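K.L.:
Right, I'll just put the structure down here and ask away after.
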Amino acid sequence: MKASDFNLSTDLKYDFEKGMTTFKDARLVIFDSNAIGLLRESIIKELGMEKARKLFLRFGYQHGYADCMQMKINYEFDNEIELLATGPTIHSWEGIVKATPLAMPEFDREKGTFLFKGTWTNSYEAEQHLSSREASKDPVCWTLMGYASGYGTAFFGSPVIAIEQACVGMGNDHCEWWIQPPSVWGNKAVPYLEALKDLTA
């Protein structure tokens with residue numbers, strides 16, 4: 001199977017009688033993006049920007065990690081590159097963002113090297129940020145970065161961190177993500193590692 005073969009709609013099961021929607025053995029819930037935006041803004045006001053970022057990074061990380069495990073367990077891919085490339089594909093199918101890799105991912109588990117780059121188009125999170133606030137000086141697609149970090153870590157077997165190099169929520173015309181080991185990011189990875197430290201250990 002190739003990443004391009006994956007179609008989430010064919011594997012969703014709607015059970016009206018039970019009030020449940022499932023993807024394989026995982027229950028899914030569908031919320032309006034404006035409701036998520038209101039939750040996001042309320043948490044920012046209640047906890048502050050730093051704690052809110054941590055919470056949403058963790059939320060996204062768990063989502064991405066779980067998706068990768070579902071892919072590993074339930075599908076047989078042509079090769080590992082296709083498994084990794086399915087991360088952006090399923091992220092797009094879930095209606096969160098249109099995720100497009102910029103190049104083939106590069107990784108070597110023995111050497112501990114990993115690099116995967118791409119763009120995000122129509123990020124719901126950047127959209128919701130700008131509906132409530134002015135452009136930020138820092139990336140705002142917290143759940144998206146968490147998702148990419150979680151999916152990448154589950155795939156690679158050791159921690160990798162996704163950080164936006166450009167973000168619509170910062171006033172850029174697109175969002176661009178890079179996923180690399182924390183050691184490559186250096187100090188830039190510190191707030192992300194702090195947020196995810198008990199999840200990536």
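Residue names in the structure tokens use chain letters A, B, ... in the order shown, residue numbers from 1 in each chain, and ligand numbers from 1 in the order shown.
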Using backbone DSSP assignments, extract all strand (DSSP E or B) residues from range 38-189 of chain A; output them as a ChimeraX atom specification.
P.N.:
/A:98-101,106-108,113-121,161-166,175-180
K.L.:
Which residues, written as a list in words, have at least one atom at most 7 Å from range 74-87 of chain A, with only C-alpha atoms counted and residues fewer than 6 positions away on the same chain left out?
P.N.:
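Everything that qualifies: Met1, Lys2, Ala3, Cys68, Tyr151 and Phe155 of chain A.
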K.L.:
Taking 4 positions as the minimum chain separation for residues in the same chain, which residues sit within 12 Å of Gly157 in chain A when counting only C-alpha atoms? Answer as a ChimeraX atom specification.
P.N.:
/A:65,68-69,107-110,112-114,149-153,181,200-201
K.L.:
For a test of reading the model, state the distance in Å between CA of Ala162 in chain A and CA of Thr10 in chain A, rounded to one decimal.
P.N.:
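According to the coordinates, CA of Ala162 in chain A and CA of Thr10 in chain A are separated by 28.9 Å.
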K.L.:
Residues of range 74-177 of chain A classed as alpha helix (DSSP H) by DSSP on the backbone are to be reported as number ranges by chain.
P.N.:
A: 74, 80-93, 124-132, 142-156
K.L.:
Pick from A:Phe6, A:His174, A:Ala26, A:Phe156: nearest to Lys98 in chain A, with only C-alpha atoms counted?
P.N.:
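Nearest candidate to Lys98 in chain A out of A:Phe6, A:His174, A:Ala26, A:Phe156: A:His174.
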K.L.:
Between CA of Thr121 in chain A and CA of Ala166 in chain A, what distance in Å does the model show, to one decimal?
P.N.:
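One can read the CA of Thr121 in chain A to CA of Ala166 in chain A distance as 11.5 Å.
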K.L.:
Would you give me, as a tab-separated table, each residue of range 103-138 of chain A having an atom within 12 Å of an atom of range 29-41 of chain A, along with its shortest atom pair and that distance in Å to one decimal, using only C-alpha atoms and sorting by chain and residue number?
P.N.:
residue	atom	partner	partner_atom	distance
A:Ser123	CA	A:Ser33	CA	10.6
A:Tyr124	CA	A:Ser33	CA	6.9
A:Glu125	CA	A:Gly37	CA	7.4
A:Ala126	CA	A:Gly37	CA	9.8
A:Glu127	CA	A:Gly37	CA	8.7
A:Gln128	CA	A:Gly37	CA	5.2
A:His129	CA	A:Gly37	CA	7.3
A:Leu130	CA	A:Gly37	CA	10.0
A:Ser131	CA	A:Gly37	CA	8.5
A:Ser132	CA	A:Glu41	CA	7.4
A:Arg133	CA	A:Glu41	CA	9.0
K.L.:
Please provide as a tab-separated table (two decimals) with C-alpha atoms, in the first residue's frame all residues within 8 Å of Met145 in chain A, with the sequence filter that same-chain residues fewer than 2 positions apart are discarded (counting only C-alpha atoms).
P.N.:
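selection.tsv, freshly written:
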chain	number	residue	atom	x	y	z
A	57	LEU	CA	1.05	20.31	21.85
A	60	GLY	CA	-1.81	16.90	19.13
A	61	TYR	CA	1.09	14.61	20.00
A	141	CYS	CA	-0.28	25.62	15.00
A	142	TRP	CA	0.32	23.84	18.28
A	143	THR	CA	-1.86	20.76	17.75
A	147	TYR	CA	0.58	15.73	15.74
A	148	ALA	CA	3.61	15.69	13.44
A	149	SER	CA	5.92	15.17	16.42
A	161	ILE	CA	10.12	17.36	17.06
A	162	ALA	CA	8.10	19.28	14.47
A	163	ILE	CA	8.53	23.07	14.46
A	164	GLU	CA	7.00	25.51	12.01
A	177	TRP	CA	6.94	22.37	8.99
K.L.:
Taking into account only C-alpha atoms, which residue in the set A:Leu55, A:Lys111, A:Leu196, A:Pro88 is nearest to Asp67 in chain A?
P.N.:
A:Pro88
K.L.:
One number please: CA of Val190 in chain A to CA of Pro101 in chain A, in Å, one decimal.
P.N.:
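Between CA of Val190 in chain A and CA of Pro101 in chain A the gap is 24.7 Å.
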